[in-house]
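Dropping structure-v5.cif in here (mmCIF, C-alpha atoms):
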data_input
#
loop_
_atom_site.label_atom_id
_atom_site.label_comp_id
_atom_site.auth_asym_id
_atom_site.auth_seq_id
_atom_site.Cartn_x
_atom_site.Cartn_y
_atom_site.Cartn_z
CA MET A 14 -9.80 28.56 22.39
CA ASN A 15 -6.13 28.20 21.61
CA SER A 16 -4.68 25.84 19.03
CA ASN A 17 -3.29 23.56 21.73
CA VAL A 18 -6.78 22.73 23.01
CA VAL A 19 -8.12 22.27 19.47
CA ALA A 20 -5.28 19.87 18.65
CA LEU A 21 -5.77 17.82 21.81
CA ALA A 22 -9.54 17.69 21.27
CA SER A 23 -9.12 16.58 17.63
CA ILE A 24 -6.65 13.84 18.57
CA SER A 25 -8.88 12.55 21.40
CA ILE A 26 -11.98 12.55 19.20
CA ILE A 27 -10.26 10.75 16.32
CA VAL A 28 -8.67 8.17 18.64
CA SER A 29 -11.93 7.49 20.51
CA VAL A 30 -14.00 7.24 17.32
CA GLY A 31 -11.38 4.95 15.76
CA ALA A 32 -11.16 2.73 18.84
CA SER A 33 -14.98 2.54 19.09
CA ILE A 34 -15.24 1.47 15.45
CA GLY A 35 -12.54 -1.14 16.08
CA PHE A 36 -14.30 -2.64 19.11
CA TYR A 37 -17.79 -2.37 17.59
CA ALA A 38 -16.74 -4.16 14.38
CA GLY A 39 -16.24 -7.41 16.29
CA THR A 40 -19.47 -7.39 18.29
CA ARG A 41 -22.55 -9.36 17.25
CA ARG A 42 -20.35 -11.98 15.63
CA LYS A 43 -19.40 -15.33 16.97
CA MET A 44 -15.64 -15.04 17.25
CA ASP A 45 -13.67 -18.13 16.28
CA LEU A 46 -10.26 -18.34 14.67
CA GLU A 47 -11.69 -18.33 11.12
CA GLN A 48 -13.73 -15.20 11.90
CA TRP A 49 -10.82 -13.53 13.73
CA THR A 50 -8.13 -14.06 11.06
CA VAL A 51 -10.07 -13.93 7.79
CA GLY A 52 -13.55 -12.57 8.67
CA ASP A 53 -15.20 -15.88 7.62
CA ARG A 54 -14.05 -15.05 4.05
CA GLY A 55 -17.12 -12.86 3.68
CA PHE A 56 -15.66 -9.45 2.74
CA GLY A 57 -17.09 -7.65 -0.26
CA MET A 58 -15.11 -5.55 -2.72
CA PHE A 59 -15.48 -2.30 -0.76
CA LEU A 60 -14.22 -3.65 2.57
CA ILE A 61 -11.35 -5.62 1.03
CA TRP A 62 -10.27 -2.54 -0.90
CA LEU A 63 -10.28 -0.42 2.26
CA LEU A 64 -8.45 -3.13 4.21
CA MET A 65 -5.69 -3.40 1.61
CA ALA A 66 -5.39 0.37 1.26
CA GLY A 67 -5.30 0.62 5.05
CA GLU A 68 -2.44 -1.87 5.24
CA VAL A 69 -0.39 -0.21 2.52
CA TYR A 70 -0.71 3.50 3.35
CA THR A 71 0.97 4.12 6.69
CA THR A 72 2.94 6.75 8.57
CA PHE A 73 5.53 6.34 5.80
CA THR A 74 3.07 7.99 3.42
CA PHE A 75 3.17 11.12 5.56
CA LEU A 76 6.61 11.23 7.14
CA GLY A 77 8.90 9.05 5.04
CA ALA A 78 7.73 10.07 1.59
CA SER A 79 7.50 13.80 2.28
CA GLY A 80 10.78 13.74 4.22
CA TRP A 81 12.50 12.08 1.27
CA ALA A 82 11.02 14.58 -1.18
CA TYR A 83 12.39 17.40 0.94
CA SER A 84 15.83 16.01 1.75
CA LYS A 85 16.63 13.99 -1.39
CA GLY A 86 14.37 15.43 -4.10
CA ALA A 87 13.66 13.43 -7.27
CA PRO A 88 14.65 9.97 -5.90
CA VAL A 89 11.31 10.08 -4.05
CA LEU A 90 9.73 9.50 -7.49
CA TYR A 91 10.46 5.79 -7.02
CA ILE A 92 7.31 5.71 -4.85
CA LEU A 93 5.19 6.98 -7.75
CA GLY A 94 6.98 4.41 -9.91
CA TYR A 95 6.54 1.26 -7.84
CA GLN A 96 3.03 1.80 -6.52
CA PRO A 97 1.11 1.13 -9.73
CA LEU A 98 3.57 -1.65 -10.62
CA MET A 99 3.04 -3.56 -7.37
CA TYR A 100 -0.68 -3.68 -8.19
CA VAL A 101 0.22 -5.02 -11.64
CA VAL A 102 2.14 -7.82 -9.90
CA SER A 103 -0.78 -8.41 -7.53
CA PHE A 104 -3.07 -9.02 -10.52
CA PHE A 105 -1.12 -12.20 -11.22
CA ILE A 106 -0.26 -13.31 -7.68
CA LEU A 107 -3.14 -12.49 -5.34
CA PRO A 108 -5.97 -14.35 -7.13
CA GLN A 109 -3.88 -17.52 -6.96
CA VAL A 110 -3.10 -16.97 -3.27
CA TRP A 111 -6.80 -16.34 -2.66
CA GLU A 112 -7.82 -19.46 -4.54
CA VAL A 113 -5.44 -21.74 -2.62
CA GLY A 114 -6.47 -19.94 0.59
CA LYS A 115 -10.14 -20.65 0.03
CA LYS A 116 -9.68 -24.26 -0.99
CA PHE A 117 -7.46 -25.19 1.95
CA ARG A 118 -8.90 -22.66 4.43
CA LEU A 119 -5.58 -20.90 4.92
CA GLN A 120 -5.20 -18.18 7.54
CA THR A 121 -1.57 -17.10 7.40
CA GLN A 122 1.13 -16.57 4.83
CA ALA A 123 3.05 -19.58 6.20
CA ASP A 124 -0.04 -21.76 5.66
CA PHE A 125 0.18 -20.91 1.98
CA PHE A 126 3.75 -22.14 1.75
CA THR A 127 2.87 -25.33 3.64
CA VAL A 128 0.19 -26.20 1.09
CA ARG A 129 1.73 -24.86 -2.09
CA TYR A 130 5.22 -26.28 -1.62
CA GLN A 131 4.40 -29.18 0.74
CA SER A 132 7.16 -28.15 3.11
CA LYS A 133 6.85 -27.51 6.83
CA TYR A 134 10.40 -26.19 6.94
CA LEU A 135 9.87 -23.65 4.18
CA ALA A 136 6.69 -22.50 5.92
CA ALA A 137 8.50 -22.15 9.25
CA PHE A 138 11.27 -20.21 7.52
CA VAL A 139 8.74 -17.89 5.87
CA ALA A 140 6.99 -17.32 9.20
CA LEU A 141 10.29 -16.60 10.92
CA VAL A 142 11.41 -14.15 8.22
CA GLY A 143 7.99 -12.47 8.40
CA ILE A 144 8.21 -12.05 12.16
CA ILE A 145 11.82 -10.89 12.26
CA PHE A 146 11.44 -8.33 9.51
CA ILE A 147 8.16 -6.97 10.84
CA ILE A 148 9.95 -5.84 14.03
CA PRO A 149 11.95 -2.94 12.53
CA TYR A 150 8.92 -2.11 10.37
CA LEU A 151 6.67 -1.89 13.45
CA GLN A 152 9.29 0.07 15.34
CA LEU A 153 9.45 2.51 12.42
CA GLN A 154 5.66 2.84 12.28
CA LEU A 155 5.36 3.37 16.04
CA SER A 156 8.15 5.95 16.09
CA GLY A 157 6.45 7.76 13.21
CA LEU A 158 3.14 7.65 15.06
CA GLY A 159 4.79 9.01 18.22
CA MET A 160 6.37 11.89 16.29
CA ILE A 161 3.09 12.76 14.54
CA VAL A 162 1.16 12.85 17.83
CA GLU A 163 3.91 14.84 19.57
CA VAL A 164 4.03 17.44 16.79
CA ALA A 165 0.26 17.52 16.26
CA SER A 166 -0.40 18.09 19.98
CA TYR A 167 2.21 20.90 20.11
CA GLY A 168 4.31 18.78 22.47
CA ALA A 169 1.50 18.28 24.99
CA ILE A 170 1.61 14.49 24.49
CA HIS A 171 5.14 13.13 24.55
CA ARG A 172 5.95 10.49 21.94
CA THR A 173 6.55 7.61 24.37
CA PRO A 174 3.11 7.71 26.07
CA ALA A 175 1.57 8.27 22.62
CA MET A 176 3.21 5.08 21.32
CA ILE A 177 2.27 3.03 24.39
CA ILE A 178 -1.36 4.21 24.46
CA SER A 179 -1.93 3.70 20.73
CA PHE A 180 -0.27 0.31 20.77
CA LEU A 181 -2.48 -0.82 23.68
CA ILE A 182 -5.65 0.44 21.95
CA VAL A 183 -4.78 -1.28 18.66
CA ALA A 184 -3.80 -4.51 20.41
CA ALA A 185 -7.08 -4.45 22.38
CA PHE A 186 -9.41 -4.01 19.41
CA VAL A 187 -7.45 -6.43 17.25
CA LEU A 188 -7.73 -8.97 20.07
CA THR A 189 -11.51 -8.54 20.34
CA SER A 190 -12.47 -7.87 16.71
CA GLY A 191 -9.73 -9.48 14.60
CA ILE A 192 -9.39 -8.53 10.94
CA ARG A 193 -12.91 -7.07 10.88
CA GLY A 194 -11.77 -4.43 13.39
CA ILE A 195 -8.72 -3.58 11.28
CA ALA A 196 -10.82 -3.29 8.12
CA TRP A 197 -13.45 -1.00 9.62
CA VAL A 198 -10.86 1.24 11.30
CA SER A 199 -9.28 1.52 7.84
CA VAL A 200 -12.51 3.17 6.65
CA LEU A 201 -11.94 6.08 9.04
CA LYS A 202 -8.18 6.09 8.49
CA ASP A 203 -8.39 6.09 4.69
CA LEU A 204 -10.92 8.93 4.70
CA LEU A 205 -8.76 11.07 7.04
CA LEU A 206 -5.60 10.19 5.14
CA LEU A 207 -7.11 11.05 1.77
CA PHE A 208 -8.57 14.30 3.07
CA SER A 209 -5.35 15.47 4.71
CA ALA A 210 -3.16 14.41 1.78
CA VAL A 211 -5.32 16.34 -0.69
CA PHE A 212 -5.65 19.27 1.69
CA VAL A 213 -1.91 19.53 2.40
CA GLY A 214 -1.00 18.84 -1.24
CA VAL A 215 -3.26 21.64 -2.50
CA ALA A 216 -3.21 24.10 0.41
CA ILE A 217 0.53 24.37 1.08
CA PRO A 218 1.52 25.13 -2.54
CA TYR A 219 -1.45 27.51 -2.82
CA VAL A 220 -0.73 29.41 0.43
CA TYR A 221 3.03 29.70 -0.05
CA PHE A 222 3.43 29.83 -3.83
CA GLY A 223 -0.02 30.53 -5.31
CA GLY A 224 -0.50 27.04 -6.76
CA ILE A 225 1.23 23.78 -7.68
CA GLY A 226 2.52 25.12 -11.01
CA PRO A 227 4.11 28.26 -9.48
CA MET A 228 5.65 26.08 -6.73
CA PHE A 229 7.43 23.90 -9.30
CA ALA A 230 8.39 26.99 -11.34
CA GLU A 231 10.05 28.40 -8.22
CA LEU A 232 11.77 25.05 -7.55
CA VAL A 233 13.06 24.93 -11.12
CA ARG A 234 14.42 28.46 -10.68
CA ILE A 235 16.16 27.83 -7.34
CA ARG A 236 17.13 24.13 -7.28
CA PRO A 237 16.67 22.48 -10.71
CA VAL A 238 18.99 19.55 -9.79
CA HIS A 239 16.57 18.64 -6.99
CA LEU A 240 13.92 17.72 -9.58
CA VAL A 241 15.80 15.09 -11.61
CA LEU A 242 17.63 11.98 -10.46
CA PRO A 243 19.86 11.69 -8.47
CA GLY A 244 18.46 14.84 -6.82
CA ALA A 245 20.35 15.94 -3.72
CA THR A 246 22.13 12.57 -3.51
CA THR A 247 25.20 11.33 -5.35
CA ASN A 248 24.29 7.68 -5.82
CA LEU A 249 20.51 7.42 -6.33
CA GLY A 250 20.57 7.64 -10.12
CA HIS A 251 18.82 5.78 -12.94
CA SER A 252 20.24 2.32 -12.20
CA TRP A 253 19.23 2.73 -8.55
CA TYR A 254 15.75 3.78 -9.67
CA ILE A 255 15.25 0.77 -11.94
CA SER A 256 16.56 -1.79 -9.43
CA THR A 257 14.63 -0.31 -6.49
CA VAL A 258 11.33 0.04 -8.34
CA LEU A 259 11.67 -3.52 -9.66
CA LEU A 260 12.58 -4.95 -6.25
CA VAL A 261 9.76 -3.22 -4.38
CA ALA A 262 7.12 -3.88 -7.05
CA VAL A 263 7.94 -7.58 -7.36
CA GLY A 264 8.73 -8.22 -3.69
CA PHE A 265 5.87 -6.23 -2.22
CA TYR A 266 3.60 -9.16 -1.40
CA MET A 267 6.40 -10.90 0.51
CA TRP A 268 5.12 -8.80 3.43
CA PRO A 269 2.66 -10.98 5.33
CA GLN A 270 0.45 -8.00 6.16
CA PHE A 271 -0.03 -7.27 2.44
CA SER A 272 -0.67 -10.81 1.17
CA VAL A 273 -2.93 -12.10 3.97
CA PRO A 274 -5.68 -9.46 3.43
CA VAL A 275 -6.77 -11.32 0.27
CA PHE A 276 -8.06 -14.25 2.32
CA PRO A 277 -11.21 -12.52 3.60
CA ARG A 278 -12.38 -11.83 0.03
CA ARG A 279 -15.71 -13.51 -0.72
CA VAL A 280 -15.70 -14.06 -4.50
CA ALA A 281 -13.16 -14.84 -7.16
CA THR A 282 -11.30 -12.48 -9.45
CA PRO A 283 -10.56 -13.47 -13.05
CA CYS A 284 -7.03 -14.83 -12.76
CA ALA A 285 -8.23 -17.39 -10.23
CA ALA A 286 -9.52 -20.22 -12.29
CA THR A 287 -13.14 -20.03 -11.15
CA PRO A 288 -14.95 -18.45 -14.11
CA SER A 289 -16.77 -15.28 -13.11
CA MET B 4 -4.05 -22.68 -10.78
CA ARG B 5 -3.58 -21.74 -14.40
CA LYS B 6 -0.92 -19.72 -16.12
CA PRO B 7 -1.81 -16.19 -17.24
CA SER B 8 -2.09 -15.66 -20.99
CA ILE B 9 0.66 -14.07 -23.09
CA GLY B 10 -1.68 -11.18 -23.90
CA ALA B 11 -2.21 -10.34 -20.23
CA ILE B 12 1.52 -10.55 -19.52
CA LEU B 13 2.36 -8.27 -22.46
CA LEU B 14 -0.23 -5.73 -21.33
CA ALA B 15 1.24 -5.87 -17.81
CA LEU B 16 4.75 -5.29 -19.16
CA ILE B 17 3.75 -1.96 -20.73
CA PRO B 18 3.63 -0.09 -17.37
CA PHE B 19 6.91 -1.71 -16.32
CA VAL B 20 8.63 -0.44 -19.46
CA ALA B 21 6.96 2.97 -19.24
CA SER B 22 7.54 3.81 -15.60
CA CYS B 23 10.58 1.71 -14.67
CA PHE B 24 13.01 0.64 -17.41
CA SER B 25 12.73 3.75 -19.56
CA VAL B 26 13.62 6.15 -16.73
CA SER B 27 16.56 7.73 -18.59
CA LEU B 28 14.24 8.78 -21.42
CA TRP B 29 11.75 10.76 -19.31
CA ASP B 30 13.75 11.88 -16.27
CA ARG B 31 13.98 15.58 -17.14
CA ILE B 32 12.31 18.87 -16.25
CA ASP B 33 11.35 20.15 -19.71
CA PRO B 34 8.81 20.30 -21.21
CA MET B 35 6.79 21.21 -18.12
CA ILE B 36 3.20 20.04 -18.54
CA LEU B 37 0.27 21.26 -16.39
CA GLY B 38 2.82 23.05 -14.21
CA LEU B 39 4.68 19.82 -13.45
CA PRO B 40 8.24 18.86 -14.39
CA PHE B 41 8.15 16.26 -17.17
CA ASN B 42 9.20 13.30 -14.95
CA PHE B 43 6.49 14.09 -12.37
CA PHE B 44 3.92 14.49 -15.14
CA TRP B 45 5.02 11.23 -16.81
CA LEU B 46 4.71 9.14 -13.63
CA ILE B 47 1.37 10.68 -12.68
CA ALA B 48 0.12 9.99 -16.20
CA TRP B 49 1.11 6.33 -15.73
CA LEU B 50 -0.76 6.23 -12.43
CA LEU B 51 -3.81 6.70 -14.64
CA LEU B 52 -2.66 4.63 -17.65
CA THR B 53 -1.56 1.54 -15.67
CA PRO B 54 -5.14 0.69 -14.60
CA LEU B 55 -6.12 0.98 -18.30
CA CYS B 56 -3.51 -1.66 -19.22
CA MET B 57 -4.70 -3.87 -16.36
CA TRP B 58 -8.31 -3.44 -17.47
CA GLY B 59 -7.14 -4.77 -20.84
CA ALA B 60 -5.39 -7.70 -19.13
CA TYR B 61 -8.59 -8.36 -17.16
CA ARG B 62 -10.62 -8.43 -20.38
CA VAL B 63 -8.15 -10.90 -21.89
CA GLU B 64 -8.36 -13.15 -18.81
CA VAL B 65 -12.15 -13.24 -18.44
CA ARG B 66 -12.60 -14.09 -22.10
CA ARG B 67 -10.54 -17.25 -21.77
CA PRO B 68 -12.43 -20.43 -21.01
CA GLY B 69 -11.92 -21.27 -17.34
CA ASP B 70 -10.77 -24.60 -15.97
CA PRO B 71 -13.38 -25.52 -13.35
CA HIS B 72 -11.13 -27.95 -11.44
CA PRO B 73 -7.66 -26.46 -11.28
CA GLY B 74 -4.82 -28.30 -9.60
CA VAL B 75 -3.38 -26.12 -6.88
CA ASP B 76 -0.33 -28.23 -6.19
CA GLY B 77 1.39 -27.14 -9.39
CA THR B 78 0.37 -30.18 -11.43
CA PRO B 79 -0.93 -29.24 -14.88
#
Before we go any further, please render this structure as structure tokens.
Amino acid sequence: MNSNVVALASISIIVSVGASIGFYAGTRRKMDLEQWTVGDRGFGMFLIWLLMAGEVYTTFTFLGASGWAYSKGAPVLYILGYQPLMYVVSFFILPQVWEVGKKFRLQTQADFFTVRYQSKYLAAFVALVGIIFIIPYLQLQLSGLGMIVEVASYGAIHRTPAMIISFLIVAAFVLTSGIRGIAWVSVLKDLLLLFSAVFVGVAIPYVYFGGIGPMFAELVRIRPVHLVLPGATTNLGHSWYISTVLLVAVGFYMWPQFSVPVFPRRVATPCAATPS
Amino acid sequence: MRKPSIGAILLALIPFVASCFSVSLWDRIDPMILGLPFNFFWLIAWLLLTPLCMWGAYRVEVRRPGDPHPGVDGTP
């Protein structure tokens, strides 16, 4: 069996299993808008954790981050910098969003602004900004997906059909299963993502350099400037690092797809005023 | 909706200082620790230390007496 067949078989199996999970997640439940958008606010800690991880870790994790590390070097460290910090920010913001969401049965990010600031216009503006700025983000994600499938299938599946097929599958199971479908597909996605990230992160240095330490030793020998800011760039220095990490960490939950996943959570967390 | 305590905010500022504002102090290759350049090691260490700070902030928050009927419209 050649590698082409193995690749195609793996892709088909993963896509069919993922799609089945997505469709199955919505069955046996009465589907109304509350169930579709926020899963009747009945998600436990495990599912909400997987949902939020599934929203955050995307094709950027594979293509963007590794591409930056290769082409720019140390500036890619900003990802390691902002990721813990955005969760620090979420500790103060998300419980409040959740609390208001539960009390007023909110379903979207714009709903939150309607209630919190008593302004239809602000809410409409927030919704509009969310929609407009999700378009390039989606385009980026779909292009990344197309590239991954094209490379992973050794060119057997061209990127355009890959993007169309995957988009149709996702749209179909989101339509039938709502946020429950997204959350349960995240279970599969997170497991695969974690496995491949650890595998690639350990295997590639080991195969080519004999370990992570020897790989960095070799990098230090050949391209030491690549390992400190501004790396291979001229302008991504310390002030860039501070401003970018700060901006991304503080602004992260402006993205509707990152703030809305708190609504399905069932019970309170400490910063929300309900004593636990 | 109540304001977070000063203690929780101070604990949350520690990771911000350590992995954001102080970049010029730790952005270097030597000393290499566990085979990693120092800046990589420092940020990975703070991946592990940040949850510790937030656990502290969590402890501070749960110990405070809760307000059972918070105003969500911003009124105190």
With a distance cut-off of 10 Å and all atoms listed in the file, select the neighbouring residues of A:Ala169, excluding the residue or stretch itself and same-chain residues fewer than 4 positions from it, and output the selection as number ranges by chain.
-> A: 17-18, 20-21, 162-165
For B:Ala11, list every protein, DNA or RNA residue within 8 Å, evaluated using all atoms listed in the file, and leave out those in the same chain fewer than 6 positions away; present the list as a ChimeraX atom specification.
-> /B:57,59-61,63-64
Expected file contents, prior selection, C-alpha atoms, as a PDB file, in the frame of the given file:
ATOM      1  CA  MET B  57      -4.700  -3.870 -16.360  1.00  0.00           C
ATOM      2  CA  GLY B  59      -7.140  -4.770 -20.840  1.00  0.00           C
ATOM      3  CA  ALA B  60      -5.390  -7.700 -19.130  1.00  0.00           C
ATOM      4  CA  TYR B  61      -8.590  -8.360 -17.160  1.00  0.00           C
ATOM      5  CA  VAL B  63      -8.150 -10.900 -21.890  1.00  0.00           C
ATOM      6  CA  GLU B  64      -8.360 -13.150 -18.810  1.00  0.00           C
TER       7      GLU B  64
END
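Considering the residues A:Thr246, A:Thr127, A:Asn15, A:Ser25 and counting all atoms listed in the file, chain B has its shortest atom-to-atom contact with A:Thr127.
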Cut-off 12 Å around (11.3, 21.5, -19.1) with all atoms listed in the file: residues as a list in words = Phe229, Ala230, Val233, Arg234, Pro237, Leu240 and Val241 of chain A; Trp29, Asp30, Arg31, Ile32, Asp33, Pro34, Met35, Ile36, Leu37, Gly38, Leu39, Pro40, Phe41, Asn42, Phe43 and Phe44 of chain B
Print the selection's residues with C-alpha atoms to a file, as a compact mmCIF listing (two decimals), in the coordinates of the input.
# COMPACT_ATOMS: atom_id res chain seq x y z
CA PHE A 229 7.43 23.90 -9.30
CA ALA A 230 8.39 26.99 -11.34
CA VAL A 233 13.06 24.93 -11.12
CA ARG A 234 14.42 28.46 -10.68
CA PRO A 237 16.67 22.48 -10.71
CA LEU A 240 13.92 17.72 -9.58
CA VAL A 241 15.80 15.09 -11.61
CA TRP B 29 11.75 10.76 -19.31
CA ASP B 30 13.75 11.88 -16.27
CA ARG B 31 13.98 15.58 -17.14
CA ILE B 32 12.31 18.87 -16.25
CA ASP B 33 11.35 20.15 -19.71
CA PRO B 34 8.81 20.30 -21.21
CA MET B 35 6.79 21.21 -18.12
CA ILE B 36 3.20 20.04 -18.54
CA LEU B 37 0.27 21.26 -16.39
CA GLY B 38 2.82 23.05 -14.21
CA LEU B 39 4.68 19.82 -13.45
CA PRO B 40 8.24 18.86 -14.39
CA PHE B 41 8.15 16.26 -17.17
CA ASN B 42 9.20 13.30 -14.95
CA PHE B 43 6.49 14.09 -12.37
CA PHE B 44 3.92 14.49 -15.14
For the structure provided, state which residues fall under the PyMOL selection byres ((chain A and resi 189) around 10), and present them as a VMD selection string.
-> chain A and resid 35 to 40 44 49 184 to 188 190 to 194
On this structure, which residues satisfy the PyMOL selection byres ((chain A) within 10 of (chain B)), written as a PDB file with C-alpha atoms, in the coordinates of the input?
ATOM      1  CA  ALA A  87      13.660  13.430  -7.270  1.00  0.00           C
ATOM      2  CA  LEU A  90       9.730   9.500  -7.490  1.00  0.00           C
ATOM      3  CA  TYR A  91      10.460   5.790  -7.020  1.00  0.00           C
ATOM      4  CA  ILE A  92       7.310   5.710  -4.850  1.00  0.00           C
ATOM      5  CA  LEU A  93       5.190   6.980  -7.750  1.00  0.00           C
ATOM      6  CA  GLY A  94       6.980   4.410  -9.910  1.00  0.00           C
ATOM      7  CA  TYR A  95       6.540   1.260  -7.840  1.00  0.00           C
ATOM      8  CA  GLN A  96       3.030   1.800  -6.520  1.00  0.00           C
ATOM      9  CA  PRO A  97       1.110   1.130  -9.730  1.00  0.00           C
ATOM     10  CA  LEU A  98       3.570  -1.650 -10.620  1.00  0.00           C
ATOM     11  CA  MET A  99       3.040  -3.560  -7.370  1.00  0.00           C
ATOM     12  CA  TYR A 100      -0.680  -3.680  -8.190  1.00  0.00           C
ATOM     13  CA  VAL A 101       0.220  -5.020 -11.640  1.00  0.00           C
ATOM     14  CA  VAL A 102       2.140  -7.820  -9.900  1.00  0.00           C
ATOM     15  CA  PHE A 104      -3.070  -9.020 -10.520  1.00  0.00           C
ATOM     16  CA  PHE A 105      -1.120 -12.200 -11.220  1.00  0.00           C
ATOM     17  CA  PRO A 108      -5.970 -14.350  -7.130  1.00  0.00           C
ATOM     18  CA  GLN A 109      -3.880 -17.520  -6.960  1.00  0.00           C
ATOM     19  CA  VAL A 110      -3.100 -16.970  -3.270  1.00  0.00           C
ATOM     20  CA  GLU A 112      -7.820 -19.460  -4.540  1.00  0.00           C
ATOM     21  CA  VAL A 113      -5.440 -21.740  -2.620  1.00  0.00           C
ATOM     22  CA  LYS A 116      -9.680 -24.260  -0.990  1.00  0.00           C
ATOM     23  CA  PHE A 117      -7.460 -25.190   1.950  1.00  0.00           C
ATOM     24  CA  VAL A 128       0.190 -26.200   1.090  1.00  0.00           C
ATOM     25  CA  ARG A 129       1.730 -24.860  -2.090  1.00  0.00           C
ATOM     26  CA  TYR A 130       5.220 -26.280  -1.620  1.00  0.00           C
ATOM     27  CA  GLN A 131       4.400 -29.180   0.740  1.00  0.00           C
ATOM     28  CA  GLY A 224      -0.500  27.040  -6.760  1.00  0.00           C
ATOM     29  CA  ILE A 225       1.230  23.780  -7.680  1.00  0.00           C
ATOM     30  CA  GLY A 226       2.520  25.120 -11.010  1.00  0.00           C
ATOM     31  CA  PRO A 227       4.110  28.260  -9.480  1.00  0.00           C
ATOM     32  CA  MET A 228       5.650  26.080  -6.730  1.00  0.00           C
ATOM     33  CA  PHE A 229       7.430  23.900  -9.300  1.00  0.00           C
ATOM     34  CA  ALA A 230       8.390  26.990 -11.340  1.00  0.00           C
ATOM     35  CA  LEU A 232      11.770  25.050  -7.550  1.00  0.00           C
ATOM     36  CA  VAL A 233      13.060  24.930 -11.120  1.00  0.00           C
ATOM     37  CA  PRO A 237      16.670  22.480 -10.710  1.00  0.00           C
ATOM     38  CA  VAL A 238      18.990  19.550  -9.790  1.00  0.00           C
ATOM     39  CA  LEU A 240      13.920  17.720  -9.580  1.00  0.00           C
ATOM     40  CA  VAL A 241      15.800  15.090 -11.610  1.00  0.00           C
ATOM     41  CA  LEU A 242      17.630  11.980 -10.460  1.00  0.00           C
ATOM     42  CA  PRO A 243      19.860  11.690  -8.470  1.00  0.00           C
ATOM     43  CA  GLY A 250      20.570   7.640 -10.120  1.00  0.00           C
ATOM     44  CA  HIS A 251      18.820   5.780 -12.940  1.00  0.00           C
ATOM     45  CA  SER A 252      20.240   2.320 -12.200  1.00  0.00           C
ATOM     46  CA  TYR A 254      15.750   3.780  -9.670  1.00  0.00           C
ATOM     47  CA  ILE A 255      15.250   0.770 -11.940  1.00  0.00           C
ATOM     48  CA  SER A 256      16.560  -1.790  -9.430  1.00  0.00           C
ATOM     49  CA  THR A 257      14.630  -0.310  -6.490  1.00  0.00           C
ATOM     50  CA  VAL A 258      11.330   0.040  -8.340  1.00  0.00           C
ATOM     51  CA  LEU A 259      11.670  -3.520  -9.660  1.00  0.00           C
ATOM     52  CA  ALA A 262       7.120  -3.880  -7.050  1.00  0.00           C
ATOM     53  CA  THR A 282     -11.300 -12.480  -9.450  1.00  0.00           C
ATOM     54  CA  PRO A 283     -10.560 -13.470 -13.050  1.00  0.00           C
ATOM     55  CA  CYS A 284      -7.030 -14.830 -12.760  1.00  0.00           C
ATOM     56  CA  ALA A 285      -8.230 -17.390 -10.230  1.00  0.00           C
ATOM     57  CA  ALA A 286      -9.520 -20.220 -12.290  1.00  0.00           C
ATOM     58  CA  THR A 287     -13.140 -20.030 -11.150  1.00  0.00           C
ATOM     59  CA  PRO A 288     -14.950 -18.450 -14.110  1.00  0.00           C
ATOM     60  CA  SER A 289     -16.770 -15.280 -13.110  1.00  0.00           C
TER      61      SER A 289
END
Expand the PyMOL selection byres ((chain A and resi 68) around 9) into the individual residues it matches in the shown file, reporting them as a PyMOL selection string.
-> chain A and resi 63-67+69-71+195-196+199+270-271+274
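Taking atom CA of A:Ile177 and atom CA of A:Gly52 as the two end points, the separation is 27.2 Å.
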Please identify all polymer residues within 12 Å of A:Leu151, counting only C-alpha atoms, omitting same-chain residues fewer than 3 positions from it, and present them as a PyMOL selection string.
-> chain A and resi 71-73+143-148+154-158+176+180+270
To one decimal place, how far is atom CA of A:Leu119 from atom CA of A:Pro269 in Å?
->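 Interatomic distance here is 12.9 Å.
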Assuming the input is short of atoms at stretch 206-214 of chain A, produce N, CA and C atoms for that part as a compact mmCIF listing (two decimals), keeping the file's coordinate frame.
# COMPACT_ATOMS: atom_id res chain seq x y z
N LEU A 206 -6.86 10.13 5.86
CA LEU A 206 -5.60 10.19 5.14
C LEU A 206 -5.77 10.88 3.79
N LEU A 207 -6.84 10.48 3.09
CA LEU A 207 -7.11 11.05 1.77
C LEU A 207 -7.39 12.55 1.89
N PHE A 208 -8.23 12.89 2.88
CA PHE A 208 -8.57 14.30 3.07
C PHE A 208 -7.32 15.12 3.37
N SER A 209 -6.50 14.64 4.33
CA SER A 209 -5.35 15.47 4.71
C SER A 209 -4.30 15.51 3.61
N ALA A 210 -4.14 14.40 2.86
CA ALA A 210 -3.16 14.41 1.78
C ALA A 210 -3.56 15.42 0.69
N VAL A 211 -4.86 15.40 0.32
CA VAL A 211 -5.32 16.34 -0.69
C VAL A 211 -5.24 17.77 -0.16
N PHE A 212 -5.65 17.93 1.09
CA PHE A 212 -5.65 19.27 1.69
C PHE A 212 -4.24 19.85 1.74
N VAL A 213 -3.29 19.05 2.28
CA VAL A 213 -1.91 19.53 2.40
C VAL A 213 -1.31 19.74 1.01
N GLY A 214 -1.58 18.77 0.10
CA GLY A 214 -1.00 18.84 -1.24
C GLY A 214 -1.50 20.03 -2.04
